[in-house]
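A.B. asks: The following file, run.cif, comprises mmCIF, C-alpha atoms and all ligand atoms:
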```cif
data_run
loop_
_atom_site.label_atom_id
_atom_site.label_comp_id
_atom_site.auth_asym_id
_atom_site.auth_seq_id
_atom_site.Cartn_x
_atom_site.Cartn_y
_atom_site.Cartn_z
CA MET U 12 41.17 21.03 24.84
CA SER U 13 44.22 22.87 26.15
CA PHE U 14 46.30 20.97 28.68
CA ASP U 15 46.47 22.73 32.02
CA PRO U 16 47.53 20.72 35.10
CA ALA U 17 46.26 23.41 37.49
CA THR U 18 42.78 23.08 35.98
CA LEU U 19 43.00 19.29 35.94
CA ARG U 20 43.97 19.27 39.62
CA LYS U 21 40.56 20.72 40.50
CA GLU U 22 38.95 17.44 39.42
CA PHE U 23 40.94 15.42 41.97
CA PRO U 24 39.42 15.77 45.44
CA THR U 25 42.50 14.64 47.38
CA LEU U 26 44.60 17.28 45.64
CA GLN U 27 42.33 19.96 47.14
CA ARG U 28 43.31 19.16 50.68
CA GLU U 29 46.02 20.71 52.73
CA VAL U 30 48.54 19.13 55.07
CA ASP U 31 49.41 21.38 58.04
CA GLY U 32 48.21 24.40 56.10
CA ARG U 33 50.27 23.57 53.03
CA ARG U 34 49.03 22.54 49.61
CA LEU U 35 49.33 18.80 49.08
CA VAL U 36 52.05 18.19 46.52
CA TYR U 37 51.52 14.67 45.30
CA LEU U 38 54.65 13.18 43.76
CA ASP U 39 53.84 9.52 44.30
CA SER U 40 51.66 8.55 41.35
CA ALA U 41 53.97 5.67 40.45
CA ALA U 42 52.81 4.05 43.69
CA SER U 43 49.16 5.00 43.20
CA SER U 44 47.63 7.85 41.26
CA GLN U 45 44.89 10.18 42.43
CA THR U 46 41.27 9.61 41.43
CA PRO U 47 39.30 12.22 39.46
CA GLN U 48 35.67 13.02 40.28
CA PRO U 49 34.15 11.26 37.21
CA VAL U 50 35.68 7.97 38.43
CA LEU U 51 34.25 8.49 41.91
CA ASP U 52 30.88 9.36 40.34
CA ALA U 53 30.86 6.20 38.24
CA MET U 54 31.49 4.06 41.30
CA ALA U 55 28.82 5.92 43.27
CA GLU U 56 26.37 5.36 40.41
CA TYR U 57 26.85 1.62 40.80
CA TYR U 58 26.39 1.71 44.57
CA GLU U 59 23.48 4.17 44.47
CA GLN U 60 21.58 2.99 41.38
CA LEU U 61 22.63 -0.47 40.27
CA ARG U 62 23.87 -2.28 43.38
CA SER U 63 23.48 -5.98 42.58
CA ASN U 64 25.64 -8.88 41.50
CA VAL U 65 26.64 -9.35 37.86
CA GLU U 66 26.61 -12.23 35.35
CA ARG U 67 23.78 -13.99 37.23
CA GLY U 68 20.76 -11.73 37.91
CA VAL U 69 17.57 -11.91 35.81
CA TYR U 70 16.19 -8.62 37.06
CA ARG U 71 16.66 -5.17 35.57
CA ILE U 72 19.34 -3.60 37.73
CA SER U 73 21.53 -6.70 37.63
CA GLU U 74 21.21 -6.93 33.86
CA VAL U 75 22.14 -3.28 33.51
CA ALA U 76 25.07 -3.70 35.91
CA THR U 77 26.23 -6.78 33.94
CA GLY U 78 26.08 -4.81 30.72
CA ARG U 79 28.14 -2.05 32.27
CA TYR U 80 30.67 -4.52 33.65
CA GLU U 81 31.13 -6.00 30.17
CA GLN U 82 31.22 -2.51 28.68
CA ALA U 83 34.16 -1.73 30.99
CA ARG U 84 35.98 -4.71 29.51
CA GLU U 85 35.39 -3.41 26.02
CA ARG U 86 36.48 0.09 27.07
CA LEU U 87 39.75 -1.12 28.54
CA ALA U 88 40.43 -3.20 25.43
CA ARG U 89 39.98 -0.06 23.34
CA PHE U 90 42.12 2.02 25.71
CA VAL U 91 45.17 -0.22 25.27
CA GLY U 92 44.50 -1.27 21.68
CA ALA U 93 43.88 -4.89 22.65
CA PRO U 94 43.27 -7.25 19.75
CA ALA U 95 40.06 -8.67 21.32
CA THR U 96 37.68 -7.81 24.16
CA ASP U 97 37.51 -11.52 25.06
CA GLY U 98 41.20 -11.33 25.80
CA VAL U 99 40.64 -8.93 28.71
CA VAL U 100 40.52 -10.69 32.09
CA PHE U 101 39.74 -8.52 35.09
CA THR U 102 41.96 -9.23 38.08
CA LYS U 103 42.60 -7.58 41.42
CA ASN U 104 45.73 -5.83 40.13
CA VAL U 105 48.63 -6.44 37.77
CA THR U 106 50.33 -8.72 40.30
CA GLU U 107 47.38 -11.09 40.11
CA ALA U 108 47.42 -10.86 36.31
CA ILE U 109 51.07 -11.93 36.25
CA ASN U 110 50.48 -14.71 38.76
CA LEU U 111 47.62 -16.00 36.61
CA VAL U 112 50.06 -16.42 33.72
CA ALA U 113 52.73 -17.87 36.00
CA TYR U 114 50.38 -20.51 37.38
CA SER U 115 48.23 -21.31 34.35
CA TRP U 116 50.75 -21.03 31.55
CA VAL U 117 54.38 -20.99 32.62
CA ARG U 118 54.30 -23.56 35.39
CA ARG U 119 52.52 -26.02 33.12
CA ARG U 120 54.75 -25.57 30.09
CA LEU U 121 58.28 -24.78 31.21
CA GLY U 122 60.61 -27.28 32.83
CA PRO U 123 64.23 -28.43 32.93
CA GLY U 124 66.14 -27.33 29.83
CA ASP U 125 63.89 -24.30 29.30
CA ALA U 126 64.64 -20.70 30.21
CA LEU U 127 62.55 -17.66 31.07
CA LEU U 128 64.01 -14.22 30.42
CA ILE U 129 63.31 -11.20 32.61
CA THR U 130 65.26 -8.01 33.18
CA GLY U 131 67.24 -6.56 36.04
CA MET U 132 64.81 -3.70 36.49
CA GLU U 133 61.62 -5.64 37.25
CA HIS U 134 59.22 -4.88 40.06
CA HIS U 135 58.89 -7.90 42.37
CA ALA U 136 55.46 -8.46 40.77
CA ASN U 137 57.25 -9.40 37.56
CA PHE U 138 60.12 -11.19 39.23
CA VAL U 139 58.99 -13.25 42.21
CA PRO U 140 56.26 -15.26 40.40
CA TRP U 141 58.85 -16.36 37.80
CA TRP U 142 61.53 -17.01 40.40
CA HIS U 143 59.09 -19.16 42.38
CA ALA U 144 57.98 -21.06 39.28
CA ALA U 145 61.60 -21.61 38.24
CA GLN U 146 62.38 -23.07 41.67
CA ASP U 147 59.40 -25.42 41.50
CA GLN U 148 59.61 -26.44 37.85
CA GLY U 149 63.36 -26.54 37.36
CA PHE U 150 63.67 -24.11 34.46
CA GLU U 151 66.34 -21.43 34.27
CA LEU U 152 65.74 -17.76 35.03
CA ARG U 153 67.88 -15.43 32.93
CA VAL U 154 68.20 -11.74 33.63
CA VAL U 155 68.97 -9.00 31.10
CA PRO U 156 71.47 -6.61 32.74
CA ILE U 157 71.28 -2.83 32.77
CA THR U 158 73.77 -0.45 31.17
CA ASP U 159 75.52 2.42 32.95
CA GLY U 160 72.91 4.65 31.29
CA TYR U 161 70.12 2.77 33.13
CA GLU U 162 68.75 1.10 30.01
CA LEU U 163 68.48 -2.56 29.07
CA ASP U 164 71.64 -4.04 27.63
CA LEU U 165 70.24 -5.35 24.35
CA ASP U 166 73.53 -6.95 23.30
CA ALA U 167 73.48 -8.96 26.49
CA ALA U 168 69.82 -9.82 25.84
CA ARG U 169 70.73 -11.13 22.39
CA ALA U 170 73.42 -13.32 23.92
CA LEU U 171 71.01 -14.65 26.54
CA LEU U 172 68.53 -15.56 23.80
CA ALA U 173 71.07 -17.07 21.43
CA ASP U 174 70.68 -20.75 22.34
CA GLY U 175 66.94 -20.67 21.55
CA ARG U 176 66.02 -22.07 24.97
CA VAL U 177 64.14 -18.99 26.15
CA ARG U 178 60.48 -19.97 25.94
CA PHE U 179 59.04 -17.04 27.85
CA LEU U 180 59.95 -13.37 28.05
CA ALA U 181 58.60 -11.09 30.82
CA VAL U 182 59.58 -7.42 30.75
CA ALA U 183 58.44 -4.14 32.25
CA HIS U 184 57.30 -1.60 29.69
CA VAL U 185 58.51 1.15 32.06
CA SER U 186 60.68 0.77 35.16
CA ASN U 187 58.98 1.98 38.32
CA VAL U 188 62.37 2.95 39.77
CA LEU U 189 64.42 4.32 36.88
CA GLY U 190 61.56 5.56 34.71
CA THR U 191 63.26 3.86 31.75
CA ILE U 192 60.89 3.20 28.84
CA ASN U 193 62.07 -0.16 27.58
CA PRO U 194 62.18 -0.97 23.86
CA VAL U 195 59.80 -3.88 24.40
CA ASP U 196 58.98 -4.17 20.70
CA ALA U 197 62.67 -4.67 19.87
CA LEU U 198 63.10 -7.14 22.70
CA ILE U 199 60.05 -9.13 21.62
CA ALA U 200 61.31 -9.20 18.02
CA MET U 201 64.74 -10.34 19.20
CA ALA U 202 63.21 -13.10 21.34
CA ARG U 203 61.07 -14.30 18.41
CA GLU U 204 64.06 -14.35 16.12
CA ALA U 205 65.83 -16.66 18.55
CA ASN U 206 62.76 -18.81 19.15
CA PRO U 207 59.65 -18.26 17.00
CA ASP U 208 57.46 -19.95 19.65
CA VAL U 209 58.52 -17.71 22.53
CA VAL U 210 55.61 -16.36 24.58
CA THR U 211 55.83 -12.80 25.84
CA LEU U 212 54.41 -10.77 28.71
CA VAL U 213 54.75 -7.04 29.19
CA ASP U 214 54.15 -5.47 32.59
CA GLY U 215 52.38 -2.26 31.63
CA ALA U 216 51.72 -0.99 35.16
CA GLN U 217 53.84 2.14 34.65
CA ALA U 218 53.14 2.56 30.93
CA ALA U 219 49.38 2.45 30.34
CA PRO U 220 48.75 5.44 32.65
CA HIS U 221 51.34 7.63 30.95
CA PHE U 222 51.38 7.24 27.18
CA PRO U 223 49.31 5.64 24.43
CA VAL U 224 49.74 1.87 24.47
CA ASP U 225 48.96 -0.29 21.46
CA VAL U 226 48.96 -3.90 22.58
CA ALA U 227 48.07 -5.19 19.11
CA ALA U 228 51.06 -3.41 17.59
CA LEU U 229 53.38 -4.72 20.31
CA ASP U 230 52.08 -8.16 19.43
CA CYS U 231 52.86 -9.50 22.91
CA ASP U 232 50.93 -12.50 24.19
CA PHE U 233 50.10 -10.90 27.54
CA TYR U 234 49.98 -7.31 28.77
CA GLY U 235 49.22 -6.41 32.39
CA VAL U 236 47.70 -3.18 33.74
CA THR U 237 46.57 -2.02 37.17
CA GLY U 238 43.71 0.41 37.70
CA HIS U 239 44.97 2.38 40.68
CA LYS U 240 47.96 3.78 38.80
CA MET U 241 45.83 5.07 35.91
CA CYS U 242 43.34 7.30 37.73
CA GLY U 243 41.13 4.28 38.40
CA PRO U 244 40.10 2.57 41.63
CA THR U 245 42.16 0.23 43.75
CA GLY U 246 41.18 -3.44 43.58
CA ILE U 247 41.05 -3.86 39.80
CA GLY U 248 43.62 -4.63 37.15
CA ALA U 249 43.63 -6.70 34.01
CA LEU U 250 45.46 -9.28 32.02
CA ILE U 251 45.14 -8.46 28.34
CA ALA U 252 45.91 -11.53 26.30
CA LYS U 253 45.76 -13.02 22.86
CA PRO U 254 42.55 -15.06 23.07
CA GLU U 255 44.29 -18.20 21.82
CA ARG U 256 46.68 -18.04 24.77
CA LEU U 257 43.79 -17.89 27.21
CA GLU U 258 42.15 -20.86 25.48
CA GLU U 259 45.27 -22.89 26.31
CA MET U 260 45.09 -22.05 29.99
CA PRO U 261 43.25 -23.82 32.79
CA PRO U 262 41.81 -21.62 35.53
CA PHE U 263 43.95 -20.27 38.32
CA LEU U 264 41.19 -19.60 40.88
CA THR U 265 38.13 -21.84 40.88
CA GLY U 266 34.62 -21.47 42.26
CA GLY U 267 31.45 -19.76 41.13
CA SER U 268 30.96 -18.15 37.70
CA MET U 269 33.94 -19.74 36.02
CA ILE U 270 32.28 -23.06 35.05
CA LEU U 271 29.95 -24.28 32.32
CA ASP U 272 28.84 -27.38 34.18
CA VAL U 273 29.54 -29.12 37.47
CA SER U 274 28.66 -32.61 38.57
CA VAL U 275 30.22 -34.85 41.15
CA ASP U 276 32.16 -36.56 38.36
CA GLU U 277 33.04 -33.70 36.08
CA VAL U 278 33.57 -29.96 35.89
CA THR U 279 33.79 -28.07 32.59
CA TRP U 280 35.40 -24.65 32.54
CA ASN U 281 33.68 -21.56 31.23
CA HIS U 282 35.18 -19.85 28.18
CA PRO U 283 37.75 -17.09 28.61
CA PRO U 284 37.66 -14.45 29.96
CA HIS U 285 35.04 -15.72 32.45
CA ARG U 286 37.07 -18.87 33.10
CA PHE U 287 39.52 -16.63 34.95
CA GLU U 288 37.04 -14.50 36.87
CA ALA U 289 35.88 -16.79 39.66
CA ALA U 290 33.27 -15.45 42.08
CA THR U 291 31.96 -11.91 42.41
CA PRO U 292 34.27 -9.62 40.46
CA PRO U 293 35.27 -6.02 41.27
CA ILE U 294 32.06 -4.48 39.92
CA ALA U 295 32.17 -0.91 41.20
CA GLU U 296 35.84 -0.91 40.32
CA ALA U 297 35.06 -1.88 36.71
CA PHE U 298 32.65 1.06 36.52
CA GLY U 299 35.44 3.25 37.85
CA LEU U 300 38.04 1.85 35.48
CA GLU U 301 35.81 2.51 32.50
CA ALA U 302 35.41 6.11 33.66
CA ALA U 303 39.19 6.37 34.13
CA CYS U 304 39.77 5.28 30.52
CA ASP U 305 37.20 7.86 29.37
CA TYR U 306 38.84 10.51 31.52
CA LEU U 307 42.39 9.83 30.31
CA ASP U 308 41.33 9.69 26.68
CA ALA U 309 39.38 12.93 27.05
CA VAL U 310 42.47 14.65 28.44
CA GLY U 311 44.49 12.95 25.69
CA MET U 312 47.16 10.31 26.19
CA GLU U 313 49.47 12.01 23.70
CA GLN U 314 49.13 15.27 25.61
CA ILE U 315 49.78 13.52 28.91
CA ARG U 316 52.95 12.03 27.47
CA THR U 317 54.15 15.35 26.06
CA HIS U 318 53.47 17.12 29.33
CA GLU U 319 55.27 14.48 31.39
CA ARG U 320 58.23 14.39 29.02
CA ASP U 321 58.72 18.14 29.37
CA LEU U 322 58.12 18.12 33.11
CA VAL U 323 60.46 15.24 33.80
CA THR U 324 63.23 17.15 32.04
CA THR U 325 62.62 20.16 34.28
CA PHE U 326 62.62 18.02 37.42
CA VAL U 327 65.65 15.93 36.47
CA ASP U 328 67.65 19.01 35.46
CA ALA U 329 66.78 20.78 38.71
CA LEU U 330 67.61 17.76 40.84
CA ARG U 331 70.91 17.17 39.06
CA ALA U 332 71.79 20.84 39.57
CA THR U 333 71.18 20.49 43.32
CA GLU U 334 74.29 19.91 45.39
CA GLY U 335 74.53 16.40 46.78
CA VAL U 336 71.75 14.92 44.62
CA THR U 337 72.30 11.88 42.39
CA VAL U 338 69.57 10.87 39.93
CA TYR U 339 69.25 7.23 38.87
CA GLY U 340 67.72 6.93 35.42
CA PRO U 341 68.17 7.82 31.76
CA LEU U 342 68.91 11.46 31.01
CA ASP U 343 67.18 11.48 27.63
CA ALA U 344 63.51 12.32 28.27
CA GLU U 345 62.54 10.36 25.14
CA HIS U 346 63.68 7.22 26.92
CA ARG U 347 62.12 7.89 30.26
CA SER U 348 58.85 8.37 32.01
CA GLY U 349 58.07 10.45 35.09
CA ALA U 350 59.40 8.22 37.90
CA ILE U 351 62.58 9.89 39.18
CA SER U 352 64.71 8.02 41.70
CA PHE U 353 67.39 9.92 43.48
CA ALA U 354 69.72 9.98 46.46
CA VAL U 355 70.70 12.93 48.61
CA ASP U 356 74.21 12.76 50.07
CA GLY U 357 74.22 12.25 53.81
CA VAL U 358 70.44 11.92 54.08
CA HIS U 359 68.69 8.59 54.42
CA PRO U 360 65.74 8.37 52.00
CA HIS U 361 63.35 7.74 54.91
CA ASP U 362 64.53 10.90 56.69
CA LEU U 363 64.09 12.79 53.45
CA GLY U 364 60.57 11.41 53.00
CA ALA U 365 59.63 12.43 56.53
CA MET U 366 61.10 15.89 56.06
CA LEU U 367 59.24 16.37 52.78
CA ASP U 368 56.00 15.32 54.43
CA GLY U 369 56.38 18.42 56.58
CA TYR U 370 56.37 20.43 53.35
CA GLY U 371 53.18 18.74 52.16
CA VAL U 372 55.21 16.77 49.61
CA CYS U 373 54.43 13.07 49.14
CA ILE U 374 57.24 10.96 47.69
CA ARG U 375 58.05 7.27 47.92
CA VAL U 376 61.15 6.05 49.71
CA GLY U 377 62.50 2.53 50.03
CA HIS U 378 63.36 -0.31 47.69
CA HIS U 379 60.28 0.21 45.51
CA CYS U 380 59.66 -3.56 45.39
CA ALA U 381 62.71 -3.84 43.15
CA LYS U 382 65.39 -5.30 45.39
CA PRO U 383 67.43 -6.95 42.61
CA LEU U 384 67.72 -3.51 40.99
CA MET U 385 68.63 -1.86 44.31
CA ARG U 386 71.44 -4.40 44.60
CA THR U 387 72.68 -3.47 41.13
CA LEU U 388 72.57 0.22 42.06
CA GLY U 389 74.46 -0.61 45.25
CA VAL U 390 71.90 1.01 47.53
CA ASN U 391 69.31 -0.22 50.02
CA ALA U 392 66.79 2.43 49.14
CA THR U 393 66.21 5.53 47.05
CA ALA U 394 63.86 8.47 47.17
CA ARG U 395 61.44 8.62 44.25
CA ALA U 396 59.38 11.53 43.00
CA SER U 397 56.92 10.52 40.31
CA LEU U 398 54.95 12.77 38.01
CA TYR U 399 51.54 12.60 36.40
CA LEU U 400 49.11 14.75 34.48
CA TYR U 401 48.21 16.91 37.50
CA ASN U 402 51.79 17.84 38.40
CA ASP U 403 53.52 20.92 37.09
CA THR U 404 56.51 23.13 37.82
CA ASP U 405 54.72 24.55 40.90
CA ASP U 406 55.46 21.20 42.53
CA LEU U 407 59.21 21.55 42.09
CA ALA U 408 59.99 24.29 44.62
CA PRO U 409 58.44 22.48 47.62
CA LEU U 410 60.46 19.37 46.67
CA LEU U 411 63.70 21.33 46.42
CA ASP U 412 62.96 23.24 49.64
CA GLY U 413 62.44 19.98 51.50
CA ILE U 414 65.66 18.52 50.08
CA ALA U 415 67.60 21.62 51.14
CA ALA U 416 66.12 21.48 54.63
CA ALA U 417 66.97 17.77 54.93
CA ARG U 418 70.52 18.41 53.84
CA SER U 419 71.04 21.20 56.34
CA LEU U 420 69.63 19.05 59.14
CA PHE U 421 71.18 15.68 58.36
CA ALA U 422 74.16 16.17 56.07
CA ARG U 423 76.39 18.23 58.30
C1 LIG U 501 56.24 -1.89 37.13
C2 LIG U 501 55.27 -2.38 38.16
N1 LIG U 501 54.79 -3.63 38.06
C3 LIG U 501 53.92 -4.12 38.94
C4 LIG U 501 53.48 -3.37 40.00
C5 LIG U 501 52.50 -3.96 40.95
O1 LIG U 501 51.27 -3.29 40.90
P1 LIG U 501 50.05 -3.80 41.76
O2 LIG U 501 50.46 -3.66 43.20
O3 LIG U 501 48.92 -2.91 41.40
O4 LIG U 501 49.82 -5.22 41.40
C6 LIG U 501 53.96 -2.07 40.16
C7 LIG U 501 53.54 -1.26 41.32
O5 LIG U 501 54.26 -0.37 41.75
C8 LIG U 501 54.87 -1.57 39.21
O6 LIG U 501 55.36 -0.33 39.32
#
```
In C-alpha cells, how does this file's structure come out?
C.D. replies:
Amino acid sequence: MSFDPATLRKEFPTLQREVDGRRLVYLDSAASSQTPQPVLDAMAEYYEQLRSNVERGVYRISEVATGRYEQARERLARFVGAPATDGVVFTKNVTEAINLVAYSWVRRRLGPGDALLITGMEHHANFVPWWHAAQDQGFELRVVPITDGYELDLDAARALLADGRVRFLAVAHVSNVLGTINPVDALIAMAREANPDVVTLVDGAQAAPHFPVDVAALDCDFYGVTGHKMCGPTGIGALIAKPERLEEMPPFLTGGSMILDVSVDEVTWNHPPHRFEAATPPIAEAFGLEAACDYLDAVGMEQIRTHERDLVTTFVDALRATEGVTVYGPLDAEHRSGAISFAVDGVHPHDLGAMLDGYGVCIRVGHHCAKPLMRTLGVNATARASLYLYNDTDDLAPLLDGIAAARSLFAR
C-alpha cells in the first residue's frame, strides 16, 4: 500500500471539519491523536451488538464480548512485541500504568539506601509517582541530565549508576517535549551492568504510536502505552510487563473481578493480569484499541516512521529558517520523533496558540506536563507542533503563516 497522508486523512472524521471556513490542521497528536473510522466502528459494534459486561456473563453476547476483550489484549501484545499476553494489564492510561508499578512494586521494595533513576526529560506521569514514592519511602531519586543537543547525557547516567544502588530505572522512550528518541536499550544495559537486579520501566506513550516497538527485544520489565495517542480511544492504556514481575505484585485497586476467593477472614487475589483489572474494565475502548493496532499495522509502522522522519526534517528546517524562531530538540531526524517544541521571539506561546487557532491550526502550548525540563530549558512554556501519519507538508504553510502573523502583532 502506498503511503499517502491526504488519503489517510479521509478516514479521520475530525480532520474533515473546518474551523471558521478553514481546513483543520491538526498538529497536536502528541497530546492526543485523531481517531480513524475503523476504531469508531469497532466501538460502535460493541455498543450496538454486544453491549454487556465482560468476564462474568454466561450468555452469548457477554461471552462474545469477553472473547473480544481478551483478543484485544492479545492484539496489543503482538503490536508491541510483548513477551506474553498475560503480561498485558489494561489500565485507564499510561499514567495509571506507571502508578500501578509505583504503588505495587517500587513502594514495597525500595527504601533508604536505594535509588531510582529517571531522566530530566520525563513527563510528570513518569516523574511525580516516583517523586512521591521517594518522599514516602525514603529512597533517593536520581536524574540523568540532558546535553546541549537535547539528548540524555549517558556519561552522567553511567556515573549515577556507578555505586550499584539504583534498583529501578524509569525512562521515556521518546520525549513529549523535545521529540528525542532515547537510547533506552543502551540505558537498560548500562543499568544492568551496574546492578544485575535493576528493574526497568519504559514510558512508551510517545513511541508506540510512531515507530515499531519490540518490548521483548528491549527486555525491559515494564512498558507503558496509552490508547488515545495511537489512534485509539481515550480511557484505555496498558502496562506491558514481564509476567514474573506481575506475579510479585499485590493489587493496586481492589474490588470486583480481581479476586479468586473472598471470605470474612481471607481474600485471595486473582492471577495477573486480572489481579490488576478491578471492576468493569474499559470494554468498548479495548475493542477500539484492537482496531487501532490493526489500523496502524495495516498502514505500516515502518512507513509511519519513515514518513514522520522526513516530515519532521521539513518542519524543523522551515522553523529554524524562520526569523525569531528557536527549536528545542535534536537536529538529527534519526534521533527524534515528530514532537517539535519551539519559541517565537517576543510572542508568548499562549498568544501564538490563540493566533494559530484563527488559522485552523491546533498546537499545544504550555509546560507540556514536563516542568523539570522547562526549568532546564529556562522557560515557563513552549509552543509544540506534533506530527503524525495524517500530517504532510500542506500543514506547514498555515503554521508558518500563523507564526508570521503573531510576530507582526506581538513582536514589535
Ligand atoms: C511521554 C508521556 N508520558 C506520559 C503521558 C501521559 O499520558 P496519559 O495522560 O495518557 O496517561 C504523556 C502524555 O502526554 C506523555 O507524552
A.B. asks: With all atoms listed in the file as the atoms that count, which of U:Ala290, U:Ala205, U:Val195, U:Val213 lies nearest to U:Leu264?
C.D. replies: U:Ala290
A.B. asks: With only C-alpha atoms as the basis for distance, which of U:Asp406, U:Asp214, U:Glu162, U:Glu345 is at the shortest distance from U:Cys373?
C.D. replies: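 Smallest distance to U:Cys373 is found for U:Asp406.
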A.B. asks: Can you find the residues with an atom no farther than 6 Å from (57.1, 18.4, 44.3), counting all atoms listed in the file, and report them as a VMD selection string?
C.D. replies: chain U and resid 36 38 372 406 to 407 409 to 410
A.B. asks: Go ahead and find all residues with at least one atom no further than 10 Å from (47.2, -13.9, 22.3) in the file's coordinates, using all atoms listed in the file; report them as an MDAnalysis selection string.
C.D. replies: chainID U and resid 93:95 98 210:211 227 230:234 251:258
A.B. asks: If we count all atoms listed in the file, what is near U:Met54 at a cut-off of 9 Å, once residues fewer than 6 positions away on the same chain are taken out, given as a list of chain:residue names?
C.D. replies: U:Pro244, U:Ile294, U:Ala295, U:Glu296, U:Ala297, U:Phe298, U:Gly299, U:Ala302
A.B. asks: Around ligand LIG 501 (chain U), at most 10 Å away and counting only C-alpha atoms and all ligand atoms, which residues are there? Put them as a ChimeraX atom specification, please.
C.D. replies: /U:40-43,102-110,132-138,182-188,190,213-218,235-240,245-249,350,379-381
A.B. asks: Determine, counting all atoms listed in the file, which protein, DNA and RNA residues have an atom within 12 Å of an atom of U:Glu66; residues of the same chain fewer than 4 positions away are not included. Present the result as a count of residues only.
C.D. replies: 21
A.B. asks: Could you tell me how far atom CA of U:Pro341 sits from atom CA of U:Asn402, in Å to one decimal place?
C.D. replies: 20.3 Å
